[in-house]
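In what follows, a structure is listed as structure tokens, so that the remarks can point back to it.
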Amino acid sequence: MPIKHPNLKLTRLTDAVPTWAGEIAVENLLEICRQVRDGGGRLVALWGSDARELRGGFMLHVTLINETGLVCLHVPLPEAHPHYPDLACIFPAAARMQRATYDLLGMHAEEAADHRKWLRHGAWHSGSFPLRKDFDAAASRTDEAEDYPFVQVEGQGVHEIAVGPVHAGIIEPGHFRFSVIGERVLRLEERFGYTHKGIEKRFESLSLQQGAKLVGRVSGDSTVAYAWAYAMAAESIAGVTPPDRALWLRALLLERERVANHLGDLGYLGSDVALAFGFAQFWILKEQMLRTNAALFGHRYLMDSIMPGGVAVDVTAEAKRVIAEECELLEREAATLRGIYEEHAGVQDRYIGAGRIEPKLAAQLGLCGMAGRASAQAWDARVQFACAPYDKLDVRMATYRNGDVAARVIVRFDELFESLRLVRQILVNLVHEEEATPALEKLPPNGFGIGLVEGWRGEVMVAIHTDAQGNLARVHPHDPSWQNWPVLEHAVIDNIVPDFPLINKSFNLSYSGQDL
Amino acid sequence: MYQILKQILKTGIKSETPPQGDESLRVLEQRLQQDILDVFGGALAIRMVDAGSCNGCELEIHAVNNAYYNLEGLGIKFVASPRHADLLLVTGPVSRHMEVALKRTYDAVPEPKLVVAIGECACDGGIFCAADAGENYASCGKVANVIPVDVAVPGCPPTPTAILQGILTAIRTAK
């Protein structure tokens with residue numbers, strides 16, 4: 001049992017990743033959270049649901065992680081004025097999740113330091129909540145953009161630079177407010193929610209299969225991770241385990257997604273320090289990989305290749321040969337390029353010391369995923385909670401402790417080579433099976449399941465709640481960017497403004513993944 | 001430096017022949033005169049706006065810049081401000097939160113201007129909007145619901161070749 005508390009009765013879910021769930025009264029919430037944090041645990045996700053039809057009132061869901069696995073706490077809240085104590089004082093990463101939960105469901109975190117809206121800008125008016133079942137979209141429509149009070153930094157010589165939502169590059173929309181003296185950044189404040197397009201509400205009207213398509217488009221660059229996490233949650237509710245071959249194929253797809261994204265980012269981390277050569281080279285490699293994906297799996301980014309119950313793709317002996325050859329090429333080329341990056345004085349001068357997050361701060365703020373590992377946060381779901389087939393793969397976690405851009409580049413290179421090694425191992429284990437993948441048609445009623453997958457950016461979590469008919473009542477996809485965006489605000493302090501694009505790219509967080 | 005030059009020589013030239021335009025992608029009748037298009041065709045400046053996409057289309061727009069598609073080799077480049085642009089490339093179902101920003105960006109592009117909508121969602125709202133409504137509480141749906149669109153390129157996401165084709169269609173007069 002991962003957490004002990006007299007009022008908490010946990011039940012083990014049939015999850016690929018060790019997961020427990022249990023109901024707890026709101027009075028005991030803080031105590032349990034504190035206990036988990038003191039034991040070195042972290043907050044994975046916080047969301048709410050409208051349980052008025054099912055059992056009355058609202059529900060707060062808090063997923064925590066410690067060395068034994070995931071624990072999901074369900075906290076019933078009253079229908080009139082649903083409120084719960086602020087968790088941001090224990091897990092700072094909770095702050096924006098709480099604000100979003102208020103915007104979408106009207107559940108209030110009491111005594112929180114920050115009560116500003118987060119996902120709601122002005123598309124619907126305050127007092128109406130899109131994820132409540134009785135939400136009336138037409139009646140709550142408004143076009144009045146409300147003011148957003150940014151924190152003002154005052155003093156002699158301080159001025160503000162406002163950037164966005166439309167940025168100078170080819171990136172997603174978001175607003176950054178820098179308070180600077182000369183070139184030095186005193187403070188950065190982020191404002192997101194621009195790409196909020198009602199994904200969570202949309203799930204409510206979709207079937208399990210349509211939902212699999214939608215979840216693969218929460219953050220396009222992590223489509224495999226999301227689709228797998230969604231499938232894992234659905235399979236947990238249905239109590240089924242996909243065939244071995246399907247699991248090996250999923251791991252193959254996930255590692256290929258990681259390699260493609262790291263290649264692309266390493267290219268941009270070259271061009272962001274004016275080494276256009278790096279961009280040209282890495283993007284040639286990435287393009288070759290995307291073309292292989294299109295030829296072998298029918299989609300350059302592998303969208304819609306994982307479905308609840310199994311996979312929608314297969315590999316032939318010829319495909320295995322192509323992939324193995326490609327691994328060899330990528331390994332050789334990336335090794336040459338790594339040598340060039342590491343010996344390039346101009347590049348290293350920009351990388352070293354830029355955007356540093358010390359391990360202590362990273363732990364305090366809950367920095368996770370690839371960026372976390374570059375700041376000595378040794379968490380990797382493929383290692384600690386190795387679900388099949390990772391339990392047979394012996395993944396070597398890449399960590400580094402400097403926490404700067406250089407460290408995030410090193411971790412990317414290490415993970416790139418490790419993923420290529422894993423792909424080779426997977427190919428060896430991918431034996432032929434006669435068994436066809438049984439697609440999961442429908443889920444049992446009143447179910448709850450969680451899936452957690454270590455995507456290239458970090459832990460991607462998907463939670464599914466089903467209603468009395470077994471339809472999707474609530475689906476909550478959670479991107480690691482929720483945890484890592486606030487840390488970026490710290491990373492740029494005392495750096496110069498022109499280094500922001502470089503530091504930002506070294507994290508490369510998702511806007512769409514957190515805006516939903 | 002020696003290593004860099006050696007690698008460049010070893011890699012060689014990867015650029016491929018650009019695709020032809022495709023008239024079936026055209027939404028509006030040609031809004032511009034041929035002589036203006038001749039000027040555009042020689043040096044086109046693009047401003048890209050993500051109006052609410054899942055970032056899948058952005059990945060392919062990045063790819064258009066790689067050595068295989070060699071966009072800059074055609075005299076087409078991405079610029080940092082709409083005021084420097086001839087053409088807007090817009091992705092996403094337009095979220096209500098981006099509606100004003102997209103309109104303002106469109107207004108900031110000097111006349112004559114072109115708009116190319118990229119991706120399934122930009123064409124019809126995509127998977128994020130119910131097919132009958134084409135919009136939802138947080139999304140205005142397709143780009144044409146917010147600003148005039150000249151060419152719409154479907155696909156989830158459209159391939160770099162399709163994106164290139166869409167851009168080339170927009171800057172060529174219908175024959």
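As shown in the structure tokens, the chain order sets the letters A, B, ...; within each chain, residues go from 1, and ligands are also counted from 1 in the order they appear.
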
What parts of chain B does DSSP call strand (DSSP E or B)? I'd like the answer as a list of chain:residue names. B:Arg26, B:Leu44, B:Ala45, B:Ile46, B:Arg47, B:Met48, B:Val49, B:Asp50, B:Ile76, B:Lys77, B:Phe78, B:Leu87, B:Leu88, B:Leu89, B:Val90, B:Thr91, B:Ser95, B:Leu114, B:Val115, B:Val116, B:Ala117, B:Ile118, B:Asn136, B:Ser139, B:Val151, B:Ala152, B:Val153

Write down as number ranges by chain the residues of stretch 10-171 of chain B whose backbone DSSP state falls under helix (DSSP H, G or I). B: 10-11, 23-25, 34-42, 56-64, 71-74, 82-84, 96-108, 120-124, 126-128, 143-145, 160-170

Could you list, as a PyMOL selection string, every residue within 12 Å of stretch 210-213 of chain A, counting only C-alpha atoms and ignoring same-chain residues fewer than 6 positions away? (chain A and resi 199-204+219-220+223-234+302-312+439-442+462+464+471-477) or (chain B and resi 126-128+130+156)

Suppose we keep N, CA and C atoms; can you now write the selection as a short mmCIF file (atom, residue, chain, number, x, y, z; two decimals), in the first residue's frame?
```cif
data_model
loop_
_atom_site.label_atom_id
_atom_site.label_comp_id
_atom_site.auth_asym_id
_atom_site.auth_seq_id
_atom_site.Cartn_x
_atom_site.Cartn_y
_atom_site.Cartn_z
N ILE A 199 -11.38 20.61 -25.59
CA ILE A 199 -11.11 19.18 -25.80
C ILE A 199 -11.83 18.31 -24.78
N GLU A 200 -11.76 18.70 -23.50
CA GLU A 200 -12.36 17.84 -22.46
C GLU A 200 -13.87 17.74 -22.62
N LYS A 201 -14.51 18.85 -23.00
CA LYS A 201 -15.96 18.82 -23.23
C LYS A 201 -16.28 17.93 -24.44
N ARG A 202 -15.44 18.02 -25.44
CA ARG A 202 -15.66 17.27 -26.68
C ARG A 202 -15.67 15.76 -26.43
N PHE A 203 -14.81 15.30 -25.51
CA PHE A 203 -14.76 13.87 -25.20
C PHE A 203 -16.12 13.33 -24.78
N GLU A 204 -16.91 14.18 -24.09
CA GLU A 204 -18.18 13.72 -23.54
C GLU A 204 -19.15 13.25 -24.62
N SER A 219 -1.81 17.03 -28.05
CA SER A 219 -0.54 17.69 -28.37
C SER A 219 0.08 16.84 -29.48
N GLY A 220 0.02 17.35 -30.70
CA GLY A 220 0.37 16.56 -31.87
C GLY A 220 1.75 15.92 -31.82
N THR A 223 1.63 12.39 -29.91
CA THR A 223 0.43 11.63 -30.22
C THR A 223 0.51 10.17 -29.78
N VAL A 224 1.68 9.55 -29.89
CA VAL A 224 1.82 8.16 -29.48
C VAL A 224 1.65 8.03 -27.96
N ALA A 225 2.32 8.91 -27.23
CA ALA A 225 2.25 8.86 -25.77
C ALA A 225 0.81 9.02 -25.29
N TYR A 226 0.07 9.96 -25.87
CA TYR A 226 -1.32 10.17 -25.47
C TYR A 226 -2.19 8.98 -25.83
N ALA A 227 -2.01 8.48 -27.05
CA ALA A 227 -2.85 7.37 -27.49
C ALA A 227 -2.61 6.13 -26.63
N TRP A 228 -1.36 5.93 -26.23
CA TRP A 228 -1.05 4.77 -25.39
C TRP A 228 -1.64 4.96 -23.99
N ALA A 229 -1.46 6.17 -23.43
CA ALA A 229 -1.99 6.42 -22.08
C ALA A 229 -3.51 6.25 -22.06
N TYR A 230 -4.16 6.71 -23.11
CA TYR A 230 -5.63 6.59 -23.21
C TYR A 230 -6.01 5.10 -23.30
N ALA A 231 -5.29 4.36 -24.15
CA ALA A 231 -5.57 2.94 -24.30
C ALA A 231 -5.34 2.23 -22.97
N MET A 232 -4.29 2.62 -22.26
CA MET A 232 -3.97 1.99 -20.98
C MET A 232 -5.09 2.21 -19.98
N ALA A 233 -5.62 3.44 -19.95
CA ALA A 233 -6.71 3.74 -19.03
C ALA A 233 -7.95 2.93 -19.39
N ALA A 234 -8.27 2.84 -20.68
CA ALA A 234 -9.45 2.10 -21.12
C ALA A 234 -9.29 0.61 -20.82
N LEU A 302 2.80 9.11 -36.78
CA LEU A 302 2.27 7.90 -36.16
C LEU A 302 0.90 8.11 -35.50
N MET A 303 0.14 9.11 -35.97
CA MET A 303 -1.19 9.34 -35.39
C MET A 303 -2.09 8.15 -35.68
N ASP A 304 -3.00 7.88 -34.75
CA ASP A 304 -4.02 6.84 -34.88
C ASP A 304 -3.44 5.43 -35.06
N SER A 305 -2.21 5.21 -34.60
CA SER A 305 -1.66 3.87 -34.75
C SER A 305 -1.86 3.01 -33.50
N ILE A 306 -2.27 3.64 -32.40
CA ILE A 306 -2.59 2.86 -31.20
C ILE A 306 -4.08 3.03 -30.91
N MET A 307 -4.77 1.92 -30.61
CA MET A 307 -6.18 2.03 -30.27
C MET A 307 -6.43 1.21 -29.01
N PRO A 308 -7.52 1.52 -28.28
CA PRO A 308 -7.80 0.75 -27.08
C PRO A 308 -7.90 -0.74 -27.43
N GLY A 309 -7.15 -1.56 -26.72
CA GLY A 309 -7.16 -2.99 -26.98
C GLY A 309 -5.93 -3.46 -27.71
N GLY A 310 -5.32 -2.60 -28.51
CA GLY A 310 -4.15 -3.04 -29.27
C GLY A 310 -3.54 -1.96 -30.11
N VAL A 311 -3.15 -2.32 -31.31
CA VAL A 311 -2.55 -1.35 -32.23
C VAL A 311 -3.20 -1.49 -33.60
N ALA A 312 -3.09 -0.46 -34.42
CA ALA A 312 -3.68 -0.49 -35.75
C ALA A 312 -2.62 -0.64 -36.82
N ALA A 439 -10.06 -5.39 -30.85
CA ALA A 439 -10.33 -3.99 -30.52
C ALA A 439 -11.31 -3.93 -29.36
N LEU A 440 -11.12 -2.94 -28.51
CA LEU A 440 -12.01 -2.75 -27.37
C LEU A 440 -13.21 -1.96 -27.87
N GLU A 441 -14.41 -2.57 -27.79
CA GLU A 441 -15.60 -1.92 -28.35
C GLU A 441 -16.18 -0.89 -27.40
N LYS A 442 -16.43 -1.35 -26.17
CA LYS A 442 -17.13 -0.50 -25.21
C LYS A 442 -16.61 -0.76 -23.82
N VAL A 462 -3.52 10.01 -18.76
CA VAL A 462 -4.90 10.15 -19.21
C VAL A 462 -5.79 9.41 -18.22
N ILE A 464 -9.80 8.24 -17.43
CA ILE A 464 -11.12 8.07 -18.04
C ILE A 464 -12.14 7.72 -16.95
N ASN A 471 -20.40 4.99 -21.35
CA ASN A 471 -19.88 6.01 -22.26
C ASN A 471 -18.83 6.87 -21.54
N LEU A 472 -18.10 7.65 -22.31
CA LEU A 472 -17.09 8.52 -21.72
C LEU A 472 -17.80 9.66 -20.99
N ALA A 473 -17.71 9.66 -19.65
CA ALA A 473 -18.36 10.73 -18.90
C ALA A 473 -17.39 11.89 -18.74
N ARG A 474 -16.12 11.54 -18.58
CA ARG A 474 -15.11 12.57 -18.36
C ARG A 474 -13.77 11.95 -18.76
N VAL A 475 -13.03 12.67 -19.59
CA VAL A 475 -11.67 12.24 -19.92
C VAL A 475 -10.76 13.41 -19.61
N HIS A 476 -9.73 13.14 -18.83
CA HIS A 476 -8.79 14.21 -18.51
C HIS A 476 -7.39 13.84 -19.00
N PRO A 477 -6.94 14.47 -20.09
CA PRO A 477 -5.56 14.26 -20.52
C PRO A 477 -4.65 15.26 -19.82
N GLY B 126 -12.40 20.37 -37.95
CA GLY B 126 -11.76 19.09 -37.63
C GLY B 126 -12.43 18.33 -36.51
N ILE B 127 -11.64 17.53 -35.83
CA ILE B 127 -12.16 16.62 -34.80
C ILE B 127 -12.60 17.37 -33.55
N PHE B 128 -12.15 18.62 -33.40
CA PHE B 128 -12.47 19.37 -32.19
C PHE B 128 -13.90 19.92 -32.18
N ALA B 130 -18.02 19.42 -33.45
CA ALA B 130 -19.02 18.49 -33.97
C ALA B 130 -19.29 18.84 -35.43
N CYS B 156 -4.25 15.79 -41.95
CA CYS B 156 -4.10 15.84 -40.49
C CYS B 156 -2.81 15.17 -40.09
#
```

Counting only C-alpha atoms, what are the residues of chain B within 7 Å of chain A, and for each of them which pair of atoms is the nearest and at what distance in Å, to one decimal? Sort the table by chain and rising number, as CSV.
```
residue,atom,partner,partner_atom,distance
B:Gln3,CA,A:Ile340,CA,6.9
B:Met48,CA,A:Ile170,CA,6.1
B:Val49,CA,A:Val166,CA,6.5
B:Asp50,CA,A:Glu172,CA,5.5
B:Ala51,CA,A:Thr195,CA,6.9
B:Gly52,CA,A:Thr195,CA,4.1
B:Ser53,CA,A:Thr195,CA,6.9
B:Cys54,CA,A:Ser219,CA,5.0
B:Asn55,CA,A:Gly220,CA,5.2
B:Gly56,CA,A:Gly220,CA,4.3
B:Glu58,CA,A:Ile170,CA,6.7
B:Asn66,CA,A:Trp283,CA,5.8
B:Ala67,CA,A:Ala280,CA,6.2
B:Ala80,CA,A:Ala168,CA,4.1
B:Ser81,CA,A:Ala168,CA,6.3
B:Ser95,CA,A:Lys197,CA,5.5
B:Arg96,CA,A:Ala123,CA,5.7
B:His97,CA,A:Tyr194,CA,5.0
B:Met98,CA,A:Tyr194,CA,5.8
B:Ile127,CA,A:Leu214,CA,6.5
B:Phe128,CA,A:Ile199,CA,6.5
B:Tyr137,CA,A:Ala137,CA,5.3
B:Ala138,CA,A:Lys197,CA,4.8
B:Ser139,CA,A:Lys197,CA,5.2
```

Show me, as a VMD selection string, the residues that have an atom within 12 Å of A:Ala251 when counting only C-alpha atoms, minus same-chain residues fewer than 5 positions from it. chain A and resid 224 to 225 227 to 229 244 to 246 256 to 258 305 to 306 310 to 311 382 386 to 393 395 419 to 420 422 to 427 429 to 430 453 to 455

Please provide as a list in words all residues within 9 Å of A:Leu64, with the sequence filter that same-chain residues fewer than 2 positions apart are discarded (counting only C-alpha atoms).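 My reading of the contact set: Cys33, Val36, Gly41, Arg42, Leu43, Val44, Ala45, Leu46, Val62, Asn66, Gly69, Leu70, Val71, Cys72 and Leu73 of chain A.
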
For the residues selected in the previous step, produce a file with C-alpha atoms as a PDB file, in the first residue's frame.
```pdb
ATOM      1  CA  CYS A  33      -0.632  15.362   0.322  1.00  0.00           C
ATOM      2  CA  VAL A  36       3.359  12.099   0.102  1.00  0.00           C
ATOM      3  CA  GLY A  41       6.445  12.095  -3.859  1.00  0.00           C
ATOM      4  CA  ARG A  42       5.023  14.496  -6.436  1.00  0.00           C
ATOM      5  CA  LEU A  43       1.733  15.739  -7.824  1.00  0.00           C
ATOM      6  CA  VAL A  44       0.937  14.301 -11.250  1.00  0.00           C
ATOM      7  CA  ALA A  45      -2.437  15.861 -12.006  1.00  0.00           C
ATOM      8  CA  LEU A  46      -5.445  17.601 -10.481  1.00  0.00           C
ATOM      9  CA  VAL A  62      -5.787  14.354  -7.308  1.00  0.00           C
ATOM     10  CA  ASN A  66       5.709   8.132  -5.124  1.00  0.00           C
ATOM     11  CA  GLY A  69       3.271   3.981  -7.916  1.00  0.00           C
ATOM     12  CA  LEU A  70       0.307   6.234  -8.600  1.00  0.00           C
ATOM     13  CA  VAL A  71      -2.425   7.084  -6.136  1.00  0.00           C
ATOM     14  CA  CYS A  72      -5.612   8.757  -7.270  1.00  0.00           C
ATOM     15  CA  LEU A  73      -7.614  10.432  -4.516  1.00  0.00           C
TER      16      LEU A  73
END
```

Quick one: residues within 9 Å of B:Gly73, only C-alpha atoms counted, chain neighbours fewer than 4 positions away excluded, as a list in words?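 Once the nearby chain positions are removed, what remains is Ser15, Tyr69 and Lys77 of chain B.
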